[in-house]
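> Coordinates in start_11.txt, compact mmCIF, C-alpha atoms, are listed below.
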# COMPACT_ATOMS: atom_id res chain seq x y z
CA MET M 1 17.33 3.54 -35.05
CA SER M 2 20.82 2.33 -35.84
CA ALA M 3 20.77 -0.08 -32.93
CA GLY M 4 19.76 -2.83 -35.38
CA GLY M 5 23.28 -3.00 -36.78
CA GLU M 6 24.96 -3.23 -33.39
CA ALA M 7 22.68 -5.75 -31.81
CA LYS M 8 24.50 -8.70 -30.31
CA PRO M 9 23.06 -12.15 -30.85
CA GLY M 10 20.31 -12.88 -28.42
CA GLU M 11 19.34 -9.26 -28.12
CA PRO M 12 16.31 -7.99 -29.94
CA ALA M 13 17.32 -5.89 -32.91
CA LYS M 14 14.22 -3.78 -32.88
CA ILE M 15 11.42 -3.33 -30.46
CA ASN M 16 8.11 -1.92 -31.41
CA LEU M 17 7.20 0.69 -28.80
CA ALA M 18 3.52 0.51 -29.66
CA GLY M 19 3.59 -3.26 -29.35
CA GLU M 20 5.37 -2.98 -26.02
CA PHE M 21 2.74 -0.47 -24.90
CA ALA M 22 -0.09 -2.80 -25.88
CA GLN M 23 1.62 -5.70 -24.17
CA SER M 24 2.10 -3.83 -20.91
CA GLY M 25 -1.66 -3.48 -20.53
CA VAL M 26 -1.25 0.07 -19.30
CA GLY M 27 -3.27 1.48 -22.20
CA PRO M 28 -6.66 0.48 -20.82
CA VAL M 29 -5.78 1.95 -17.41
CA LEU M 30 -4.79 5.27 -18.95
CA GLN M 31 -7.92 5.19 -21.08
CA GLN M 32 -10.02 4.48 -18.02
CA LEU M 33 -8.32 7.38 -16.27
CA ASP M 34 -9.27 9.62 -19.19
CA ASP M 35 -12.84 8.38 -19.33
CA GLU M 36 -13.69 8.30 -15.66
CA LEU M 37 -11.87 11.32 -14.35
CA ILE M 38 -13.13 14.63 -15.57
CA GLY M 39 -10.83 17.62 -15.90
CA LEU M 40 -7.42 17.24 -14.24
CA ALA M 41 -5.61 17.76 -17.55
CA PRO M 42 -2.18 18.50 -16.01
CA VAL M 43 -2.45 15.42 -13.81
CA LYS M 44 -3.32 13.17 -16.72
CA LEU M 45 -0.47 14.60 -18.76
CA ARG M 46 1.97 13.98 -15.96
CA ILE M 47 0.81 10.42 -15.49
CA ARG M 48 1.20 9.79 -19.21
CA GLU M 49 4.73 11.16 -19.02
CA ILE M 50 5.60 8.89 -16.14
CA ALA M 51 4.08 5.90 -17.92
CA ALA M 52 6.04 6.76 -21.06
CA LEU M 53 9.28 7.06 -19.12
CA LEU M 54 8.75 3.71 -17.48
CA LEU M 55 7.91 2.08 -20.79
CA VAL M 56 10.94 3.53 -22.56
CA ASP M 57 13.10 2.47 -19.63
CA ARG M 58 11.80 -1.03 -19.97
CA VAL M 59 12.62 -1.11 -23.66
CA ARG M 60 16.08 0.31 -22.94
CA SER M 61 16.76 -2.46 -20.50
CA LYS M 62 15.88 -4.99 -23.22
CA PHE M 63 18.67 -3.50 -25.31
CA GLY M 64 20.97 -3.88 -22.37
CA LEU M 65 21.25 -0.15 -21.81
CA SER M 66 21.64 0.84 -18.22
CA SER M 67 18.36 1.79 -16.73
CA GLN M 68 18.38 2.49 -13.06
CA ALA M 69 14.98 2.08 -11.52
CA PRO M 70 13.71 5.65 -11.45
CA THR M 71 12.64 7.22 -8.19
CA LEU M 72 8.90 7.21 -8.29
CA HIS M 73 7.95 8.76 -4.99
CA MET M 74 5.42 11.49 -5.63
CA SER M 75 3.62 14.29 -3.95
CA PHE M 76 0.05 15.17 -4.82
CA THR M 77 -0.98 18.65 -3.86
CA GLY M 78 -4.38 20.18 -4.29
CA ASN M 79 -7.47 21.41 -2.56
CA PRO M 80 -9.88 19.01 -0.88
CA GLY M 81 -11.98 16.90 -3.21
CA THR M 82 -9.79 17.24 -6.28
CA GLY M 83 -9.30 13.51 -6.71
CA LYS M 84 -5.93 12.88 -5.09
CA THR M 85 -6.87 9.54 -3.55
CA THR M 86 -8.70 8.38 -6.67
CA VAL M 87 -5.68 9.11 -8.82
CA ALA M 88 -3.40 7.38 -6.30
CA VAL M 89 -5.39 4.18 -6.68
CA ARG M 90 -5.01 4.43 -10.46
CA MET M 91 -1.33 5.18 -10.06
CA ALA M 92 -0.85 1.95 -8.15
CA GLU M 93 -2.56 0.11 -10.97
CA ILE M 94 -0.42 1.77 -13.65
CA LEU M 95 2.84 1.13 -11.83
CA HIS M 96 1.79 -2.46 -11.34
CA ARG M 97 1.04 -2.94 -15.04
CA LEU M 98 4.42 -1.50 -15.91
CA GLY M 99 6.05 -3.85 -13.45
CA TYR M 100 7.45 -1.23 -11.08
CA VAL M 101 5.55 -2.42 -8.06
CA ARG M 102 4.96 -6.10 -7.61
CA ARG M 103 1.43 -6.21 -6.17
CA GLY M 104 -0.18 -2.91 -7.06
CA HIS M 105 -2.20 -2.44 -3.89
CA LEU M 106 -2.68 0.89 -2.19
CA VAL M 107 -2.24 1.41 1.54
CA ALA M 108 -3.77 4.73 2.54
CA VAL M 109 -2.66 6.12 5.90
CA THR M 110 -2.67 9.35 7.88
CA ARG M 111 -0.60 10.54 10.83
CA ASP M 112 -2.61 8.39 13.22
CA ASP M 113 -1.50 5.19 11.53
CA LEU M 114 2.17 6.10 11.58
CA VAL M 115 2.83 7.97 14.79
CA GLY M 116 2.54 6.37 18.19
CA GLN M 117 1.35 7.77 21.49
CA TYR M 118 4.34 7.11 23.70
CA ILE M 119 8.08 6.62 23.42
CA GLY M 120 8.93 3.46 21.54
CA HIS M 121 5.49 3.13 20.00
CA THR M 122 6.16 4.99 16.78
CA ALA M 123 8.85 2.87 15.18
CA PRO M 124 6.95 -0.44 15.30
CA LYS M 125 3.79 1.30 14.12
CA THR M 126 5.48 2.92 11.15
CA LYS M 127 7.32 -0.27 10.26
CA GLU M 128 4.09 -2.22 10.42
CA VAL M 129 2.53 0.11 7.86
CA LEU M 130 5.62 -0.02 5.66
CA LYS M 131 5.57 -3.81 5.77
CA LYS M 132 1.97 -3.84 4.62
CA ALA M 133 2.75 -1.41 1.82
CA MET M 134 5.68 -3.43 0.47
CA GLY M 135 5.16 -4.26 -3.16
CA GLY M 136 2.56 -1.56 -3.52
CA VAL M 137 1.91 2.11 -3.02
CA LEU M 138 1.88 3.87 0.34
CA PHE M 139 -0.43 6.87 0.25
CA ILE M 140 0.11 9.30 3.12
CA ASP M 141 -2.79 11.71 3.30
CA GLU M 142 -2.15 15.11 4.85
CA ALA M 143 1.51 14.23 5.19
CA TYR M 144 2.42 17.60 6.73
CA TYR M 145 0.85 16.60 10.04
CA LEU M 146 3.75 14.19 10.47
CA TYR M 147 5.92 17.15 11.26
CA ARG M 148 4.94 19.40 14.12
CA GLN M 149 7.19 22.35 14.10
CA GLU M 150 6.06 23.72 17.43
CA ASN M 151 6.93 20.55 19.36
CA GLU M 152 10.43 19.30 18.86
CA ARG M 153 9.77 16.19 20.92
CA ASP M 154 6.89 15.17 18.70
CA TYR M 155 7.11 11.54 17.68
CA GLY M 156 6.33 12.43 14.07
CA GLN M 157 10.00 13.15 13.50
CA GLU M 158 10.86 9.54 14.29
CA SER M 159 8.29 8.35 11.81
CA ILE M 160 9.71 10.67 9.16
CA GLU M 161 13.19 9.28 9.68
CA ILE M 162 12.02 5.70 9.23
CA LEU M 163 10.02 6.67 6.17
CA LEU M 164 12.99 8.41 4.60
CA GLN M 165 15.23 5.45 5.25
CA THR M 166 12.79 3.01 3.71
CA MET M 167 12.11 5.30 0.75
CA GLU M 168 15.83 5.21 0.03
CA ASN M 169 16.69 1.59 0.80
CA ASN M 170 13.58 -0.09 -0.57
CA ARG M 171 13.12 2.00 -3.66
CA ASP M 172 12.24 -1.05 -5.75
CA ASP M 173 9.77 -2.32 -3.20
CA LEU M 174 7.39 0.51 -2.62
CA VAL M 175 6.33 3.88 -3.93
CA VAL M 176 5.37 6.56 -1.45
CA ILE M 177 2.81 9.20 -2.40
CA LEU M 178 2.48 12.19 -0.10
CA ALA M 179 -0.72 14.14 -0.42
CA GLY M 180 -2.09 17.32 1.02
CA TYR M 181 -2.99 20.94 0.52
CA ALA M 182 -0.48 22.88 -1.53
CA ASP M 183 0.58 25.59 0.93
CA LYS M 184 1.00 23.25 3.89
CA MET M 185 2.89 20.75 1.74
CA ASP M 186 5.27 23.49 0.63
CA ARG M 187 6.01 24.33 4.24
CA PHE M 188 6.43 20.63 5.03
CA PHE M 189 8.94 20.11 2.24
CA HIS M 190 10.72 23.25 3.25
CA SER M 191 11.30 22.04 6.80
CA ASN M 192 12.11 18.47 5.68
CA PRO M 193 14.67 18.78 2.88
CA GLY M 194 15.14 15.01 2.99
CA PHE M 195 11.65 14.53 1.66
CA ARG M 196 11.97 17.16 -1.01
CA SER M 197 15.01 15.51 -2.55
CA ARG M 198 13.52 12.03 -2.46
CA VAL M 199 10.23 12.96 -4.05
CA ALA M 200 10.74 13.09 -7.78
CA HIS M 201 7.30 13.98 -9.04
CA HIS M 202 5.29 16.88 -7.73
CA ILE M 203 1.82 16.80 -9.20
CA ASP M 204 -0.55 19.66 -8.61
CA PHE M 205 -4.28 19.01 -8.74
CA PRO M 206 -6.15 22.08 -9.99
CA ASP M 207 -9.62 22.98 -8.79
CA TYR M 208 -12.43 21.83 -11.02
CA THR M 209 -14.27 24.30 -13.20
CA ASP M 210 -18.05 24.60 -12.81
CA ALA M 211 -18.55 22.63 -16.02
CA ASP M 212 -16.26 19.87 -14.73
CA LEU M 213 -18.22 19.66 -11.49
CA MET M 214 -21.46 19.48 -13.44
CA ALA M 215 -20.11 16.57 -15.48
CA ILE M 216 -18.81 14.87 -12.34
CA GLY M 217 -22.20 15.21 -10.68
CA GLU M 218 -23.98 13.70 -13.64
CA LYS M 219 -21.49 10.85 -13.72
CA MET M 220 -21.99 10.17 -10.01
CA LEU M 221 -25.75 10.07 -10.44
CA ALA M 222 -25.53 7.86 -13.49
CA SER M 223 -23.46 5.35 -11.57
CA LEU M 224 -26.23 5.24 -8.94
CA ASN M 225 -28.95 4.91 -11.59
CA TYR M 226 -30.34 8.40 -11.09
CA ARG M 227 -30.70 11.19 -13.56
CA LEU M 228 -31.49 14.88 -13.39
CA SER M 229 -34.59 16.27 -15.02
CA PRO M 230 -33.74 19.01 -17.55
CA GLU M 231 -34.81 21.77 -15.13
CA ALA M 232 -32.89 20.15 -12.29
CA THR M 233 -29.79 20.21 -14.48
CA LEU M 234 -30.15 23.97 -14.77
CA THR M 235 -30.69 24.28 -11.02
CA LEU M 236 -27.58 22.28 -10.30
CA ALA M 237 -25.63 24.50 -12.68
CA GLU M 238 -26.89 27.44 -10.61
CA TYR M 239 -26.06 25.66 -7.37
CA ILE M 240 -22.40 24.98 -8.12
CA PRO M 241 -21.10 28.60 -8.28
CA LEU M 242 -23.16 29.47 -5.18
CA ARG M 243 -21.70 26.56 -3.26
CA ARG M 244 -18.20 27.45 -4.42
CA ALA M 245 -18.57 30.93 -2.95
CA GLN M 246 -19.33 29.45 0.46
CA PRO M 247 -16.71 28.38 2.97
CA LEU M 248 -15.46 24.78 3.19
CA PHE M 249 -16.01 24.10 -0.46
CA ALA M 250 -14.48 20.71 -1.27
CA ASN M 251 -14.86 20.39 -5.05
CA ALA M 252 -16.17 16.99 -6.08
CA ARG M 253 -16.81 15.99 -2.48
CA SER M 254 -19.19 18.90 -1.97
CA ILE M 255 -21.04 17.92 -5.11
CA ARG M 256 -21.32 14.36 -3.91
CA ASN M 257 -22.72 15.52 -0.59
CA ALA M 258 -25.17 17.85 -2.31
CA LEU M 259 -26.39 15.02 -4.52
CA ASP M 260 -26.67 12.69 -1.55
CA ARG M 261 -28.92 15.22 0.14
CA ALA M 262 -30.90 15.62 -3.06
CA ARG M 263 -31.46 11.87 -3.09
CA LEU M 264 -32.71 12.06 0.48
CA ARG M 265 -35.17 14.80 -0.45
CA GLN M 266 -36.28 12.90 -3.51
CA ALA M 267 -37.01 9.82 -1.40
CA ASN M 268 -38.85 11.95 1.10
CA ARG M 269 -40.87 13.65 -1.65
CA LEU M 270 -41.92 10.30 -3.11
CA PHE M 271 -42.85 9.12 0.36
CA ALA M 272 -44.84 12.23 1.20
CA ALA M 273 -46.77 12.01 -2.05
CA GLY M 274 -48.48 9.04 -0.44
CA ASP M 275 -50.29 6.26 -2.18
CA GLN M 276 -49.50 6.47 -5.86
CA GLU M 277 -48.20 4.41 -8.73
CA LEU M 278 -44.46 4.78 -8.90
CA THR M 279 -42.90 4.56 -12.33
CA LEU M 280 -39.31 3.86 -13.12
CA GLY M 281 -38.99 7.44 -14.32
CA LYS M 282 -40.21 8.84 -11.01
CA LEU M 283 -37.89 6.63 -9.03
CA THR M 284 -34.81 7.61 -10.97
CA THR M 285 -35.41 11.29 -11.62
CA ILE M 286 -34.23 14.07 -9.39
CA GLU M 287 -36.44 17.10 -9.79
CA VAL M 288 -35.84 20.81 -9.37
CA GLU M 289 -37.29 21.00 -5.86
CA ASP M 290 -34.93 18.32 -4.58
CA ILE M 291 -32.02 20.61 -5.28
CA ARG M 292 -33.79 23.94 -4.83
CA GLN M 293 -34.49 23.21 -1.14
CA SER M 294 -30.79 23.42 -0.37
CA ARG M 295 -29.70 25.98 2.20
CA VAL M 296 -27.18 27.27 -0.30
CA PHE M 297 -29.96 28.96 -2.26
CA ASP M 298 -31.41 30.67 0.86
CA GLN M 299 -28.12 32.22 1.75
CA GLY M 300 -27.51 33.23 -1.81
CA SER M 301 -30.77 35.20 -2.02
CA GLY M 302 -30.84 36.32 1.61
CA ALA M 303 -27.44 37.96 1.54
CA MET Y 1 25.20 -32.08 13.79
CA ARG Y 2 22.88 -30.29 11.40
CA ILE Y 3 19.40 -29.87 12.81
CA THR Y 4 16.64 -30.96 10.48
CA GLN Y 5 13.21 -29.66 11.38
CA GLY Y 6 10.18 -28.72 9.31
CA CYS Y 7 9.94 -28.43 5.55
CA PHE Y 8 12.95 -28.48 3.23
CA SER Y 9 15.14 -29.64 6.10
CA PHE Y 10 17.09 -32.12 3.98
CA LEU Y 11 17.85 -29.51 1.36
CA ALA Y 12 20.65 -27.02 1.56
CA ASP Y 13 19.72 -23.88 3.49
CA LEU Y 14 17.35 -21.72 1.52
CA THR Y 15 18.71 -18.52 0.03
CA ASP Y 16 16.86 -15.27 0.64
CA ASP Y 17 15.36 -15.48 -2.83
CA GLN Y 18 14.03 -18.94 -2.15
CA ILE Y 19 12.66 -17.80 1.20
CA LEU Y 20 10.91 -14.90 -0.55
CA THR Y 21 9.30 -17.29 -3.01
CA GLN Y 22 8.07 -19.57 -0.25
CA VAL Y 23 6.74 -16.65 1.79
CA GLN Y 24 4.95 -15.24 -1.23
CA TYR Y 25 3.28 -18.60 -1.69
CA CYS Y 26 2.08 -18.47 1.92
CA LEU Y 27 0.82 -14.89 1.58
CA ASP Y 28 -1.01 -15.70 -1.64
CA LYS Y 29 -2.78 -18.47 0.27
CA GLY Y 30 -3.77 -15.95 2.94
CA TRP Y 31 -1.70 -17.41 5.73
CA ALA Y 32 -0.17 -15.32 8.50
CA VAL Y 33 3.60 -15.62 8.63
CA ASN Y 34 5.45 -15.82 11.96
CA LEU Y 35 9.09 -15.66 12.92
CA GLU Y 36 10.37 -17.58 15.93
CA PHE Y 37 13.82 -18.07 17.37
CA THR Y 38 15.47 -20.24 19.97
CA ASP Y 39 18.83 -21.42 21.20
CA ASP Y 40 17.56 -24.74 22.48
CA PRO Y 41 17.48 -27.04 19.47
CA HIS Y 42 15.95 -30.05 21.25
CA PRO Y 43 13.26 -31.55 18.96
CA ARG Y 44 10.73 -31.51 21.81
CA ASN Y 45 11.22 -27.80 22.31
CA THR Y 46 8.28 -26.76 20.14
CA TYR Y 47 7.46 -23.38 21.64
CA TRP Y 48 10.08 -20.98 20.38
CA GLU Y 49 10.21 -17.28 21.20
CA MET Y 50 8.22 -15.16 18.80
CA TRP Y 51 9.81 -12.29 16.96
CA GLY Y 52 7.08 -9.68 17.15
CA LEU Y 53 3.53 -10.55 16.30
CA PRO Y 54 2.35 -12.78 13.48
CA MET Y 55 2.35 -10.75 10.31
CA PHE Y 56 -1.22 -10.29 9.18
CA ASP Y 57 -2.44 -8.33 6.17
CA LEU Y 58 0.81 -8.47 4.23
CA GLN Y 59 0.68 -8.53 0.45
CA ASP Y 60 4.31 -8.87 -0.40
CA ALA Y 61 7.04 -11.15 0.91
CA LYS Y 62 9.56 -8.33 1.11
CA GLY Y 63 7.91 -7.15 4.32
CA VAL Y 64 8.65 -10.49 5.95
CA LEU Y 65 12.25 -10.34 4.77
CA LEU Y 66 12.63 -6.95 6.46
CA GLU Y 67 11.59 -8.52 9.76
CA LEU Y 68 13.74 -11.58 9.18
CA ASN Y 69 16.78 -9.42 8.62
CA ALA Y 70 15.99 -7.40 11.74
CA CYS Y 71 15.70 -10.65 13.68
CA ARG Y 72 18.96 -11.98 12.22
CA LYS Y 73 20.71 -8.81 13.27
CA ILE Y 74 19.95 -9.52 16.91
CA TYR Y 75 19.57 -13.30 17.02
CA GLY Y 76 21.73 -14.28 14.07
CA ASP Y 77 23.61 -16.74 16.28
CA ARG Y 78 20.47 -18.77 16.99
CA TYR Y 79 17.94 -20.85 15.14
CA ILE Y 80 15.24 -18.82 13.43
CA ARG Y 81 12.18 -20.54 12.07
CA LEU Y 82 9.51 -19.20 9.77
CA SER Y 83 6.02 -20.62 9.99
CA ALA Y 84 2.72 -19.80 8.36
CA PHE Y 85 -0.62 -20.17 10.07
CA ASP Y 86 -3.78 -20.94 8.13
CA SER Y 87 -6.78 -19.53 9.96
CA SER Y 88 -9.38 -20.88 7.56
CA HIS Y 89 -12.11 -23.04 9.02
CA GLY Y 90 -11.14 -26.67 9.31
CA TRP Y 91 -7.42 -25.97 9.22
CA GLU Y 92 -6.69 -23.47 11.97
CA SER Y 93 -3.15 -24.67 12.26
CA VAL Y 94 0.39 -24.15 11.06
CA ARG Y 95 0.64 -25.20 7.43
CA ILE Y 96 4.33 -24.78 6.78
CA SER Y 97 7.40 -24.20 8.89
CA PHE Y 98 11.07 -24.16 8.01
CA ILE Y 99 14.38 -23.04 9.43
CA VAL Y 100 15.72 -19.82 7.92
CA ASN Y 101 18.75 -19.23 10.10
CA ARG Y 102 21.06 -21.50 12.10
CA PRO Y 103 24.17 -21.05 14.26
CA LYS Y 104 27.57 -21.37 12.66
CA ASN Y 105 28.55 -24.33 14.80
CA GLU Y 106 25.88 -26.81 15.69
CA ASP Y 107 27.16 -28.97 18.52
CA GLY Y 108 24.68 -31.80 18.31
CA PHE Y 109 23.24 -33.95 21.08
CA ARG Y 110 24.49 -36.13 23.85
CA LEU Y 111 22.75 -39.41 24.64
CA ASP Y 112 22.24 -39.87 28.40
CA ARG Y 113 21.66 -43.37 29.71
CA THR Y 114 20.14 -43.81 33.15
CA GLU Y 115 19.87 -47.10 35.03
CA ALA Y 116 16.36 -47.52 36.37
CA GLN Y 117 14.82 -50.34 38.42
CA GLY Y 118 16.00 -53.78 37.43
CA ARG Y 119 18.17 -53.58 34.35
CA VAL Y 120 15.93 -51.02 32.63
CA GLN Y 121 17.75 -48.31 30.71
CA ARG Y 122 16.22 -44.85 30.27
CA TYR Y 123 17.51 -42.72 27.45
CA ALA Y 124 17.50 -38.98 27.01
CA THR Y 125 19.00 -36.67 24.42
CA ARG Y 126 20.43 -33.37 25.48
CA ALA Y 127 21.84 -30.66 23.27
CA TYR Y 128 25.41 -29.78 24.17
CA ALA Y 129 24.41 -26.19 23.62
CA THR Y 130 22.07 -26.26 26.61
CA ASP Y 131 25.02 -26.92 28.93
CA ARG Y 132 25.71 -23.25 28.62
CA PRO Y 133 23.36 -20.58 29.97
CA GLU Y 134 20.66 -19.19 27.78
CA GLY Y 135 21.84 -16.42 25.46
CA LYS Y 136 25.45 -17.67 25.53
CA ARG Y 137 24.93 -20.97 23.81
CA TYR Y 138 26.10 -20.15 20.34
CA GLU Y 139 28.55 -17.33 20.86
Translate the structure of the given file into structure tokens.

Amino acid sequence: MSAGGEAKPGEPAKINLAGEFAQSGVGPVLQQLDDELIGLAPVKLRIREIAALLLVDRVRSKFGLSSQAPTLHMSFTGNPGTGKTTVAVRMAEILHRLGYVRRGHLVAVTRDDLVGQYIGHTAPKTKEVLKKAMGGVLFIDEAYYLYRQENERDYGQESIEILLQTMENNRDDLVVILAGYADKMDRFFHSNPGFRSRVAHHIDFPDYTDADLMAIGEKMLASLNYRLSPEATLTLAEYIPLRRAQPLFANARSIRNALDRARLRQANRLFAAGDQELTLGKLTTIEVEDIRQSRVFDQGSGA
Amino acid sequence: MRITQGCFSFLADLTDDQILTQVQYCLDKGWAVNLEFTDDPHPRNTYWEMWGLPMFDLQDAKGVLLELNACRKIYGDRYIRLSAFDSSHGWESVRISFIVNRPKNEDGFRLDRTEAQGRVQRYATRAYATDRPEGKRYE
């Protein structure tokens, strides 16, 4: 870059972007994001882009170039169980490392925490939450419930107005992440243009593929010191598409629930086997029958 | 007469930045920050009106500043004091308190002398401000 020739005394002539990156400490967080979260390629890409923008902005400000704090409010859309909350926690961490939020904590709320029950109750409640979120990230789950189209006297509107005002006036103090299902969020943004224009980053969380879910399941079990026997692995692979075809499928959350039930059955099986020597292998292995007993398989064959 | 009460009272009034730093110190220690206001500056008047509830569970001082500014908007003509309560076992008391807002004109105090039995003199201090009704003392 030619900036070296123009640098005034006291200003750095050159800044090593890689060095700056290492110094910010954001690398390990991004790496952790890559390692721990399976799939979600578009989400990871977007987060890298945001991190890069923030980093470049920081370097620009060292050269004395104008760098207005970018608007970082985001919306996360995706089906249930696609990792919106998990990513939000990481987001808070990344923004903190880059110095865009001062504390890096996450305050997760829903409509109940923001909207009051009677006149005059909403504003203090919303402000209370905003106060707690200062210096961190405010995560509003199922944000569209704030706005009830059918009831124009709904107190949610008041909450929305306070939120919008704070999002604008305290842009340096907190980052708001709105999350919810894609279609309802679209309708929400449509009826609240104020939100649409203040939210800079729309990140869509795709559904997981069957292979992703398999990997997620194995990761969950590993973190609990369980493992699947080779046959059980095959059974789980069979289970996932069957479960997906059923109603109320919630991606990773459904898998977690299925594995929780499998752990219950495994414990019960060990218990029912009565007086026997338990080995470490027996205690940690989930067998075919623990998964096979699931109702999902009955319905699959019965139908 | 400039009222001096609590911490930092012999320093110049704290700027908002300095208040933020102090509040952040309190929050990092896990204390709950309160805002109180009054228009009776008598030193024995220890129970001031509270502005809202004590602020629990805050992480960042900016939240307190929001409330302080809201309080100043309405009671900017009065004394506002910020205090931090330490609830940890063995302390359970206010650890720090300082004035963050004061009226433009502070009238000071009058010394009343009363003759009592014999030649005994009883003394009392009274703020000139309290001659006027509450709410109109620092207009």
> I need every residue sitting at most 9 Å from the point (16.9, -18.6, 13.4) (coordinates as in the file, all atoms listed in the file considered), written as a PyMOL selection string.
chain Y and resi 35-39+68+71-72+75-82+99-103
> Using only C-alpha atoms, please write the residues we just selected to a file, as a PDB file, in the coordinates of the input.

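This is the output file out17.pdb:
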ATOM      1  CA  LEU Y  35       9.090 -15.660  12.920  1.00  0.00           C
ATOM      2  CA  GLU Y  36      10.370 -17.580  15.930  1.00  0.00           C
ATOM      3  CA  PHE Y  37      13.820 -18.070  17.370  1.00  0.00           C
ATOM      4  CA  THR Y  38      15.470 -20.240  19.970  1.00  0.00           C
ATOM      5  CA  ASP Y  39      18.830 -21.420  21.200  1.00  0.00           C
ATOM      6  CA  LEU Y  68      13.740 -11.580   9.180  1.00  0.00           C
ATOM      7  CA  CYS Y  71      15.700 -10.650  13.680  1.00  0.00           C
ATOM      8  CA  ARG Y  72      18.960 -11.980  12.220  1.00  0.00           C
ATOM      9  CA  TYR Y  75      19.570 -13.300  17.020  1.00  0.00           C
ATOM     10  CA  GLY Y  76      21.730 -14.280  14.070  1.00  0.00           C
ATOM     11  CA  ASP Y  77      23.610 -16.740  16.280  1.00  0.00           C
ATOM     12  CA  ARG Y  78      20.470 -18.770  16.990  1.00  0.00           C
ATOM     13  CA  TYR Y  79      17.940 -20.850  15.140  1.00  0.00           C
ATOM     14  CA  ILE Y  80      15.240 -18.820  13.430  1.00  0.00           C
ATOM     15  CA  ARG Y  81      12.180 -20.540  12.070  1.00  0.00           C
ATOM     16  CA  LEU Y  82       9.510 -19.200   9.770  1.00  0.00           C
ATOM     17  CA  ILE Y  99      14.380 -23.040   9.430  1.00  0.00           C
ATOM     18  CA  VAL Y 100      15.720 -19.820   7.920  1.00  0.00           C
ATOM     19  CA  ASN Y 101      18.750 -19.230  10.100  1.00  0.00           C
ATOM     20  CA  ARG Y 102      21.060 -21.500  12.100  1.00  0.00           C
ATOM     21  CA  PRO Y 103      24.170 -21.050  14.260  1.00  0.00           C
TER      22      PRO Y 103
END
> Give me the residues within 8 Å of M:Thr284 as a list in words, counting all atoms listed in the file and dropping any in the same chain fewer than 4 places off.
Asn225, Tyr226, Arg227 and Leu280 of chain M
> Report the closest atom pair, with its distance in Å rounded to one decimal, for each residue of chain M that has an atom no farther than 10 Å from chain Y; count only C-alpha atoms, sort by chain and then rising residue number, and write it as CSV.

residue,atom,partner,partner_atom,distance
M:Arg102,CA,Y:Asp60,CA,7.8
M:Arg103,CA,Y:Asp60,CA,7.0
M:Gly104,CA,Y:Gln59,CA,9.4
M:His105,CA,Y:Gln59,CA,8.0
M:Pro124,CA,Y:Gly52,CA,9.4
M:Lys127,CA,Y:Gly63,CA,9.1
M:Glu128,CA,Y:Met55,CA,8.7
M:Val129,CA,Y:Leu58,CA,9.5
M:Leu130,CA,Y:Gly63,CA,7.6
M:Lys131,CA,Y:Gly63,CA,4.3
M:Lys132,CA,Y:Leu58,CA,4.8
M:Ala133,CA,Y:Gln59,CA,7.5
M:Met134,CA,Y:Asp60,CA,5.7
M:Gly135,CA,Y:Asp60,CA,5.4
M:Gly136,CA,Y:Asp60,CA,8.1
M:Asn170,CA,Y:Lys62,CA,9.3
M:Asp173,CA,Y:Lys62,CA,7.4
M:Leu174,CA,Y:Lys62,CA,9.8
> Kindly give the distance, in Å, that separates atom CA of Y:Leu27 and atom CA of Y:His89, rounded to a single decimal.
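Distance reported for this atom pair: 17.0 Å.
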> Quick one, how far is atom CA of M:Lys219 from atom CA of M:Leu40?
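It comes out at 15.5 Å.
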> Give me the residues within 8 Å of M:Leu72 as a CSV table (one decimal) with C-alpha atoms, keeping the file's coordinate frame, counting all atoms listed in the file and dropping any in the same chain fewer than 3 places off.

chain,number,residue,atom,x,y,z
M,175,VAL,CA,6.3,3.9,-3.9
M,176,VAL,CA,5.4,6.6,-1.4
M,199,VAL,CA,10.2,13.0,-4.0
M,200,ALA,CA,10.7,13.1,-7.8
M,201,HIS,CA,7.3,14.0,-9.0
> May I ask for the distance between atom CA of M:Lys84 and atom CA of M:Asp141, given in Å to one decimal place?
9.0 Å
> Need to verify the contact set: Y:Phe109, 7 Å, all atoms listed in the file, exclusion of same-chain residues closer than 3 positions in sequence. Can you return it as a list of chain:residue names?
Y:Thr125, Y:Arg126, Y:Ala127, Y:Tyr128
> With a distance cut-off of 12 Å and all atoms listed in the file, select the neighbouring residues of M:Ser229, excluding the residue or stretch itself and same-chain residues fewer than 3 positions from it, and output the selection as number ranges by chain.
M: 218, 221, 226, 232-236, 281-291
> Closest to Y:Gly6 among Y:Gly30, Y:Gly108, Y:Pro43, Y:Gly90, using only C-alpha atoms?
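Result for the nearest residue to Y:Gly6: Y:Pro43.
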> Contacts of M:Asp204 at 8 Å or less, counting all atoms listed in the file, minus same-chain residues fewer than 2 places along, as an mmCIF file with C-alpha atoms, in the coordinates of the input?

data_model
loop_
_atom_site.group_PDB
_atom_site.id
_atom_site.type_symbol
_atom_site.label_atom_id
_atom_site.label_comp_id
_atom_site.auth_asym_id
_atom_site.auth_seq_id
_atom_site.Cartn_x
_atom_site.Cartn_y
_atom_site.Cartn_z
ATOM 1 C CA PRO M 42 -2.180 18.500 -16.010
ATOM 2 C CA VAL M 43 -2.450 15.420 -13.810
ATOM 3 C CA PHE M 76 0.050 15.170 -4.820
ATOM 4 C CA THR M 77 -0.980 18.650 -3.860
ATOM 5 C CA GLY M 78 -4.380 20.180 -4.290
ATOM 6 C CA ALA M 182 -0.480 22.880 -1.530
ATOM 7 C CA HIS M 202 5.290 16.880 -7.730
ATOM 8 C CA PRO M 206 -6.150 22.080 -9.990
#
> Which is closest to M:Gly99 among M:Arg148, M:Thr122, M:Glu158, M:Ser24, if we use all atoms listed in the file?
M:Ser24
